[in-house]
Amino acid sequence: MTESVQRLEYDVVVIGAGGAGIRAAIEASAQGARTALVCKSLFGKAHTVMAEGGIAAALRNVWQEDSWQVHFRDTMRGGKLLNNWRMAQLHAQESPDRVLELEEWGALFDRTKDGLILQRDFGGHRYARLAHVGDRTGLEMIRTLQQHAVHKGIDVHMECTIQRLLTADGAVTGCAGYWRQTGELVAFGAKAVVLATGGVGKAWKITSNSWEYTGDGIAMALDAGADLIDMEMTQFHPTGMVWPASVRGILVTEGVRGDGGTLKNSEGRRFMFDYIPDFFRADTADTEREADAWYEDKVNNRRTPDLLPRDEVARAINAEVKAGRGSPHGGVFLDIASRRSADYIRRRLPSMYHQFKELADVDITATAMEVGPTLHYIMGGVRVEPDTAATTVPGLFAAGEVAAGMHGANRLGGNSLSDLLVFGRRAGLGAAAYASRRPAPALDDAQLQAAARDILAPFARDESGEDPYQLHERLQSTMQANVGIVRTAGELEQALRDIERLRARAATVRVKGGRTYNPGWNLALDLGAMLTCAEAVTRSALRRTESRGGHTRADHPKADKEWGKKNIVTQRRDGVLVLAEEPIPQPPPELQALLGDDVPTGAAATATGAKEAVRS
């Protein structure tokens, strides 16, 4: 039986309407390309909104000493030098212009007393450089980009889930999916496609991510022939809510610590002083005493050990909990009430104040919050060319969290929003330029019908088919238990066995009811991408026998100098994931000089709370 498929034609189709997707669509449209913006949820409902703390950019409004060179250095060191140096360079150089552009389009930022854009401290940044709007920066960014896109007349297709990229002769010709509202099938013909679909947090049980984050773009790119890199590098944000259980994992912005909040264990002690790696001390002071004074700066709170990079803080919290010094609900305490006035907290952190008051009945102006690590971001993803955001598949581009290389082994807070702006723009430019050189492609009817059969298959299976909700719960439990903050070979091998069994069961998943807003059907289709991404993460984590950034192996707790020179590349060949190691491109001498000869490559906190620093 031939299924009816609606067909729409564009020059550039952008899949995903977060910061990267909207910025890409704006740029492609500005270059004259007929552009469509396709989003899985409602327009404006994007994970960019969750980036509360700010946009990292060396504007030098608070610290004149800041520069793109220092920002580049911080990003590379935070990423344990696994970053693509060219992406880190472009990001550091172009972020200030992208922030100012956002302001020109109507974004409202907090201000210094001189009227400049105010910037706050964040983990791993040498200087206060996060432009912000209280703790609602991502929301303001999306609002501004959304209104600008609408003003430019860009076509927006909401509640449309894309399931497959279409190709001809190895190049992308469009994509196919379905309307969530009606269940009807749709195909977009396109000269170029930009992926801006985000990450895969919903494969884990405790995550800050909402239902959209199921790895769609990563899996589709892999299936179309694109390369993935660094899939083992997953970021557990150190501070998510831990209680009540119904809201566990919801993000608690790093801005709380940037504005003076401190982490304490059940003994009331600021435990992060036990976890300052030696290279962070040596980076800023000649003696340990000077380093301690630097971190204990009570006057401006410019630097505290609570603002170490996220991987360091998450491991430290994990170590405190395992050592029996955690909070009643399995986290630690984040205290800002004893350091800032109630008015200051409500003014600077309005979302956090309301979030804890409404969801946990906790007044953060009077008492400490309970927080713990939550799967927040994936540094790995689709490999792209830095200047154009082109993938290894002609006609396919990627930007934002779905793309890899920019953040290396660990992303610094605030770099995500500037990443979206810088590489969203570059993806739009690259896609429009590619589309201008290409005739409109014809969609392959055989591919469309194959996609239609796969999309509708869960309705056709018999009553003995699997329940998608049960499979999803099992996948989340497996990934949480075996592919978490600290990993071992045995746990990773167990995860792979579980994933293989779940994949076989997912092939028989059965859904009931009609196509209109059918959540069981939606989840049944999302399972395929989540399983693919889970396998890629797990295989890469098993392959990398060291600890570096967001990847910690208890059975290989040290960083390995040789591993610090390689990316793990994942490809799909004949239906099987194949991994290889490739050397990381080295920066030119003038940028290498910024990094120095003695740079950190990884550090793993031990369960006893002792400091352990590793240098290559």
# chains A, B, ... in the order shown; residues from 1 in each chain; ligands from 1
call {"tool": "residues_around", "arguments": {"residues": "Asp227 (chain A)", "least_positions_apart": "4", "cutoff": "9 Å", "atoms": "only C-alpha atoms", "output": "VMD selection string"}}
result
chain A and resid 221 to 222 381 to 384 391 to 393 569 to 572
call {"tool": "select_by_dssp", "arguments": {"residues": "region 277-460 of chain A", "states": "alpha helix (DSSP H)", "output": "PyMOL selection string"}}
result
chain A and resi 278-282+288-295+310-322+342-348+350-360+415-436+445-460
call {"tool": "select_by_dssp", "arguments": {"residues": "region 121-357 of chain A", "states": "strand (DSSP E)", "output": "short mmCIF file (atom, residue, chain, number, x, y, z; two decimals) with C-alpha atoms, in the first residue's frame"}}
result
data_model
loop_
_atom_site.label_atom_id
_atom_site.label_comp_id
_atom_site.auth_asym_id
_atom_site.auth_seq_id
_atom_site.Cartn_x
_atom_site.Cartn_y
_atom_site.Cartn_z
CA LEU A 130 28.80 35.89 30.95
CA ALA A 131 26.35 38.47 29.61
CA ASP A 155 8.38 29.68 7.41
CA VAL A 156 8.03 27.85 10.72
CA HIS A 157 6.59 24.33 10.90
CA CYS A 160 6.73 18.19 13.20
CA THR A 161 9.03 15.28 14.04
CA ILE A 162 11.67 14.50 11.41
CA GLN A 163 12.62 10.82 11.35
CA ARG A 164 14.92 10.40 8.36
CA LEU A 165 17.27 12.30 6.10
CA LEU A 166 16.77 11.64 2.38
CA THR A 167 19.77 11.27 0.08
CA ALA A 168 20.77 10.75 -3.55
CA ALA A 171 24.20 13.95 -0.83
CA VAL A 172 21.24 15.11 1.23
CA THR A 173 18.05 15.90 -0.70
CA GLY A 174 15.67 16.57 2.18
CA CYS A 175 14.03 14.86 5.12
CA ALA A 176 10.86 12.98 6.06
CA GLY A 177 8.71 12.84 9.16
CA TYR A 178 5.20 13.39 10.46
CA TRP A 179 2.93 16.04 11.97
CA LEU A 185 3.35 12.13 6.85
CA VAL A 186 5.41 14.96 5.36
CA ALA A 187 8.61 15.31 3.34
CA PHE A 188 10.72 18.41 2.85
CA GLY A 189 12.77 18.62 -0.33
CA ALA A 190 15.88 20.74 0.25
CA LYS A 191 19.15 21.65 -1.39
CA ALA A 192 20.72 21.79 2.09
CA VAL A 193 19.67 20.66 5.57
CA VAL A 194 20.90 22.06 8.89
CA LEU A 195 20.67 19.86 11.97
CA LEU A 228 30.38 11.25 14.97
CA ILE A 229 33.19 12.15 17.35
CA THR A 234 28.79 13.44 28.38
CA GLN A 235 28.41 16.29 30.84
CA PHE A 236 26.76 15.82 34.20
CA HIS A 237 25.92 19.30 35.42
CA PRO A 238 26.88 19.35 39.10
CA THR A 239 23.72 21.05 40.31
CA GLY A 240 20.29 19.67 39.53
CA MET A 241 17.38 19.40 41.95
CA THR A 262 28.79 27.76 47.99
CA LEU A 263 28.65 23.96 48.12
CA LYS A 264 28.64 22.26 51.51
CA VAL A 332 24.84 18.13 48.74
CA PHE A 333 23.84 21.59 49.91
CA LEU A 334 24.08 24.74 47.81
CA ASP A 335 23.94 27.78 50.07
#
call {"tool": "residues_around", "arguments": {"residues": "Ile336 (chain A)", "least_positions_apart": "3", "cutoff": "10 Å", "atoms": "only C-alpha atoms", "output": "compact mmCIF listing (two decimals) with N, CA and C atoms, in the first residue's frame"}}
result
# COMPACT_ATOMS: atom_id res chain seq x y z
N VAL A 256 23.90 30.53 40.40
CA VAL A 256 23.81 30.58 41.87
C VAL A 256 25.21 30.64 42.46
N ARG A 257 26.11 29.80 41.93
CA ARG A 257 27.49 29.83 42.42
C ARG A 257 28.23 31.04 41.88
N ASP A 259 27.06 33.90 41.55
CA ASP A 259 26.65 35.05 42.37
C ASP A 259 26.96 34.85 43.85
N GLY A 260 27.77 33.85 44.17
CA GLY A 260 28.25 33.73 45.55
C GLY A 260 27.84 32.48 46.29
N GLY A 261 27.01 31.63 45.70
CA GLY A 261 26.59 30.41 46.38
C GLY A 261 27.75 29.45 46.58
N THR A 262 27.72 28.70 47.68
CA THR A 262 28.79 27.76 47.99
C THR A 262 28.23 26.37 48.25
N LEU A 263 29.04 25.36 47.93
CA LEU A 263 28.65 23.96 48.12
C LEU A 263 29.16 23.46 49.46
N PHE A 333 24.55 20.34 49.69
CA PHE A 333 23.84 21.59 49.91
C PHE A 333 24.48 22.73 49.13
N ARG A 339 25.03 34.17 52.28
CA ARG A 339 26.03 35.03 51.64
C ARG A 339 25.45 36.25 50.94
N ARG A 340 24.17 36.18 50.59
CA ARG A 340 23.54 37.30 49.89
C ARG A 340 22.20 37.64 50.54
N SER A 341 21.80 38.87 50.38
CA SER A 341 20.52 39.29 50.96
C SER A 341 19.36 38.70 50.18
N ALA A 342 18.20 38.66 50.81
CA ALA A 342 17.01 38.13 50.15
C ALA A 342 16.66 38.94 48.91
N ILE A 345 19.02 38.01 46.05
CA ILE A 345 18.71 36.69 45.48
C ILE A 345 17.48 36.77 44.59
N ILE A 364 14.94 29.76 49.04
CA ILE A 364 16.39 29.80 48.92
C ILE A 364 16.99 31.08 49.49
N THR A 365 16.14 32.06 49.87
CA THR A 365 16.67 33.25 50.55
C THR A 365 16.88 32.98 52.03
N ALA A 366 16.36 31.83 52.51
CA ALA A 366 16.45 31.53 53.94
C ALA A 366 17.17 30.23 54.26
N THR A 367 17.25 29.33 53.28
CA THR A 367 17.85 28.02 53.55
C THR A 367 18.58 27.51 52.32
N ALA A 368 19.43 26.51 52.53
CA ALA A 368 20.21 25.95 51.43
C ALA A 368 19.36 25.03 50.57
N MET A 369 19.76 24.87 49.31
CA MET A 369 19.11 23.95 48.39
C MET A 369 19.83 22.61 48.43
call {"tool": "residues_around", "arguments": {"residues": "region 26-41 of chain A", "least_positions_apart": "5", "cutoff": "7 Å", "atoms": "only C-alpha atoms", "output": "list in words"}}
result
Tyr10, Asp11, Val12, Val13, Val14, Ile15, Gly16, Ala17, Ala149, Ile154, Asp155, Val156, His157, Met158, Glu159, Cys160, Thr161, Arg425, Gly428, Leu429, Ala431 and Ala432 of chain A
call {"tool": "residues_around", "arguments": {"residues": "Leu471 (chain A)", "least_positions_apart": "2", "cutoff": "10 Å", "atoms": "only C-alpha atoms", "output": "PyMOL selection string"}}
result
chain A and resi 466-469+473-477+502-503+505-506+509+523-524+527
call {"tool": "write_last_selection", "arguments": {"atoms": "all heavy atoms", "output": "tab-separated table (two decimals), in the first residue's frame"}}
result
chain	number	residue	atom	x	y	z
A	466	GLU	N	6.02	-5.11	22.26
A	466	GLU	CA	6.56	-4.50	23.47
A	466	GLU	C	5.93	-3.12	23.75
A	466	GLU	O	5.51	-2.42	22.83
A	466	GLU	CB	8.07	-4.34	23.35
A	466	GLU	CG	8.83	-5.65	23.33
A	466	GLU	CD	9.09	-6.19	24.72
A	466	GLU	OE1	8.70	-5.54	25.70
A	466	GLU	OE2	9.70	-7.28	24.82
A	467	ASP	N	5.93	-2.74	25.03
A	467	ASP	CA	5.45	-1.44	25.48
A	467	ASP	C	6.60	-0.44	25.41
A	467	ASP	O	7.64	-0.64	26.04
A	467	ASP	CB	4.94	-1.55	26.92
A	467	ASP	CG	4.42	-0.24	27.46
A	467	ASP	OD1	4.64	0.81	26.85
A	467	ASP	OD2	3.78	-0.28	28.53
A	468	PRO	N	6.47	0.67	24.65
A	468	PRO	CA	7.59	1.60	24.53
A	468	PRO	C	8.00	2.24	25.85
A	468	PRO	O	9.17	2.54	26.07
A	468	PRO	CB	7.08	2.65	23.53
A	468	PRO	CG	5.59	2.53	23.57
A	468	PRO	CD	5.31	1.09	23.85
A	469	TYR	N	7.04	2.45	26.74
A	469	TYR	CA	7.35	3.08	28.02
A	469	TYR	C	8.25	2.18	28.88
A	469	TYR	O	9.18	2.66	29.54
A	469	TYR	CB	6.07	3.43	28.78
A	469	TYR	CG	5.26	4.49	28.10
A	469	TYR	CD1	4.18	4.16	27.27
A	469	TYR	CD2	5.58	5.84	28.24
A	469	TYR	CE1	3.44	5.14	26.63
A	469	TYR	CE2	4.84	6.83	27.61
A	469	TYR	CZ	3.77	6.47	26.80
A	469	TYR	OH	3.04	7.44	26.16
A	473	GLU	N	12.10	3.11	30.06
A	473	GLU	CA	12.49	3.08	31.47
A	473	GLU	C	13.70	2.19	31.68
A	473	GLU	O	14.62	2.52	32.42
A	473	GLU	CB	11.31	2.59	32.32
A	473	GLU	CG	11.52	2.75	33.83
A	473	GLU	CD	12.38	1.65	34.45
A	473	GLU	OE1	12.35	0.52	33.92
A	473	GLU	OE2	13.09	1.93	35.45
A	474	ARG	N	13.73	1.05	30.97
A	474	ARG	CA	14.86	0.13	31.12
A	474	ARG	C	16.13	0.74	30.53
A	474	ARG	O	17.21	0.60	31.11
A	474	ARG	CB	14.53	-1.19	30.40
A	474	ARG	CG	15.63	-2.23	30.47
A	474	ARG	CD	16.01	-2.55	31.89
A	474	ARG	NE	17.22	-3.35	31.94
A	474	ARG	CZ	18.01	-3.43	33.01
A	474	ARG	NH1	17.70	-2.76	34.10
A	474	ARG	NH2	19.09	-4.17	32.98
A	475	LEU	N	16.03	1.43	29.41
A	475	LEU	CA	17.19	2.08	28.82
A	475	LEU	C	17.74	3.15	29.76
A	475	LEU	O	18.96	3.23	29.99
A	475	LEU	CB	16.83	2.70	27.47
A	475	LEU	CG	17.94	3.53	26.80
A	475	LEU	CD1	19.16	2.67	26.48
A	475	LEU	CD2	17.42	4.20	25.54
A	476	GLN	N	16.86	3.95	30.30
A	476	GLN	CA	17.30	5.00	31.22
A	476	GLN	C	18.00	4.41	32.45
A	476	GLN	O	19.03	4.92	32.89
A	476	GLN	CB	16.10	5.84	31.67
A	476	GLN	CG	15.54	6.74	30.59
A	476	GLN	CD	14.38	7.57	31.10
A	476	GLN	OE1	13.49	7.08	31.79
A	476	GLN	NE2	14.39	8.86	30.79
A	477	SER	N	17.45	3.35	32.99
A	477	SER	CA	18.06	2.72	34.17
A	477	SER	C	19.44	2.15	33.83
A	477	SER	O	20.38	2.27	34.63
A	477	SER	CB	17.14	1.60	34.70
A	477	SER	OG	15.91	2.13	35.14
A	502	LEU	N	17.61	-4.61	24.29
A	502	LEU	CA	16.56	-3.62	24.14
A	502	LEU	C	16.30	-3.29	22.67
A	502	LEU	O	15.17	-3.05	22.27
A	502	LEU	CB	16.92	-2.35	24.91
A	502	LEU	CG	16.85	-2.45	26.44
A	502	LEU	CD1	17.47	-1.22	27.09
A	502	LEU	CD2	15.41	-2.62	26.90
A	503	ARG	N	17.35	-3.30	21.87
A	503	ARG	CA	17.17	-3.03	20.44
A	503	ARG	C	16.31	-4.12	19.79
A	503	ARG	O	15.44	-3.85	18.96
A	503	ARG	CB	18.52	-2.92	19.74
A	503	ARG	CG	18.41	-2.43	18.30
A	503	ARG	CD	19.75	-2.38	17.63
A	503	ARG	NE	20.67	-1.46	18.28
A	503	ARG	CZ	20.64	-0.14	18.12
A	503	ARG	NH1	19.71	0.41	17.36
A	503	ARG	NH2	21.52	0.62	18.73
A	505	ARG	N	14.10	-5.95	21.30
A	505	ARG	CA	12.73	-5.79	21.79
A	505	ARG	C	12.05	-4.58	21.14
A	505	ARG	O	10.85	-4.62	20.85
A	505	ARG	CB	12.74	-5.64	23.31
A	505	ARG	CG	13.20	-6.90	24.04
A	505	ARG	CD	13.40	-6.65	25.53
A	505	ARG	NE	12.16	-6.27	26.19
A	505	ARG	CZ	12.09	-5.90	27.47
A	505	ARG	NH1	13.21	-5.84	28.21
A	505	ARG	NH2	10.93	-5.58	28.00
A	506	ALA	N	12.82	-3.52	20.90
A	506	ALA	CA	12.25	-2.31	20.28
A	506	ALA	C	11.75	-2.58	18.87
A	506	ALA	O	10.84	-1.89	18.38
A	506	ALA	CB	13.27	-1.18	20.28
A	509	VAL	N	8.07	-3.26	19.07
A	509	VAL	CA	7.25	-2.37	19.88
A	509	VAL	C	5.89	-2.13	19.21
A	509	VAL	O	5.79	-1.99	18.00
A	509	VAL	CB	7.99	-1.05	20.15
A	509	VAL	CG1	8.06	-0.19	18.91
A	509	VAL	CG2	7.34	-0.28	21.28
A	523	LEU	N	7.01	8.09	21.33
A	523	LEU	CA	8.11	7.48	22.08
A	523	LEU	C	8.65	6.25	21.38
A	523	LEU	O	9.87	6.01	21.36
A	523	LEU	CB	7.65	7.12	23.50
A	523	LEU	CG	8.69	6.46	24.40
A	523	LEU	CD1	9.92	7.34	24.55
A	523	LEU	CD2	8.09	6.12	25.76
A	524	ALA	N	7.78	5.45	20.79
A	524	ALA	CA	8.23	4.26	20.07
A	524	ALA	C	9.21	4.63	18.97
A	524	ALA	O	10.21	3.93	18.74
A	524	ALA	CB	7.02	3.52	19.48
A	527	LEU	N	12.66	5.84	20.40
A	527	LEU	CA	13.51	4.80	20.98
A	527	LEU	C	14.68	4.42	20.07
A	527	LEU	O	15.79	4.15	20.54
A	527	LEU	CB	12.68	3.54	21.28
A	527	LEU	CG	11.90	3.52	22.59
A	527	LEU	CD1	10.99	2.30	22.63
A	527	LEU	CD2	12.85	3.52	23.78
call {"tool": "residues_around", "arguments": {"residues": "region 317-330 of chain A", "least_positions_apart": "2", "cutoff": "6 Å", "atoms": "only C-alpha atoms", "output": "JSON, numbers by chain"}}
result
{"A": [265, 266, 314, 315, 332, 607]}
call {"tool": "closest_atom_pairs", "arguments": {"of": "region 43-90 of chain A", "to": "region 351-354 of chain A", "cutoff": "12 Å", "atoms": "only C-alpha atoms", "output": "Markdown table"}}
result
| residue | atom | partner | partner_atom | distance |
| --- | --- | --- | --- | --- |
| A:Val49 | CA | A:Ser351 | CA | 11.5 |
| A:Met50 | CA | A:Ser351 | CA | 10.5 |
| A:Ala51 | CA | A:Ser351 | CA | 11.7 |
| A:Glu52 | CA | A:Ser351 | CA | 8.6 |
| A:Gly53 | CA | A:Ser351 | CA | 10.7 |
call {"tool": "closest_residue", "arguments": {"among": "A:Gly78, A:Gly138, A:Gly44, A:Gly217", "to": "Leu417 (chain A)", "atoms": "only C-alpha atoms"}}
result
A:Gly138
call {"tool": "closest_residue", "arguments": {"among": "A:Gly79, A:Gly484, A:Gly201, A:Gly380", "to": "Ala536 (chain A)", "atoms": "only C-alpha atoms"}}
result
A:Gly380
call {"tool": "closest_residue", "arguments": {"among": "A:Met379, A:Leu591, A:Leu525, A:Leu443", "to": "Leu82 (chain A)", "atoms": "only C-alpha atoms"}}
result
A:Met379
call {"tool": "atom_distance", "arguments": {"atom1": "CA of Val422 (chain A)", "atom2": "CA of His91 (chain A)"}}
result
6.1 Å
call {"tool": "residues_around", "arguments": {"residues": "Gly170 (chain A)", "least_positions_apart": "6", "cutoff": "12 Å", "atoms": "only C-alpha atoms", "output": "list of chain:residue names"}}
result
A:Asp223, A:Ala224, A:Gly225, A:Ala226, A:Thr392, A:Val393, A:Pro394, A:Gly395, A:Leu396
call {"tool": "write_last_selection", "arguments": {"atoms": "C-alpha atoms", "output": "compact mmCIF listing (two decimals), in the first residue's frame"}}
result
# COMPACT_ATOMS: atom_id res chain seq x y z
CA ASP A 223 22.39 6.79 9.29
CA ALA A 224 22.98 9.19 6.38
CA GLY A 225 26.72 8.52 6.47
CA ALA A 226 28.04 11.32 8.69
CA THR A 392 31.03 14.77 6.08
CA VAL A 393 27.80 14.32 4.05
CA PRO A 394 27.36 16.86 1.19
CA GLY A 395 24.43 19.18 1.81
CA LEU A 396 24.22 18.39 5.55
call {"tool": "atom_distance", "arguments": {"atom1": "CA of Glu254 (chain A)", "atom2": "CA of Gly413 (chain A)"}}
result
7.4 Å
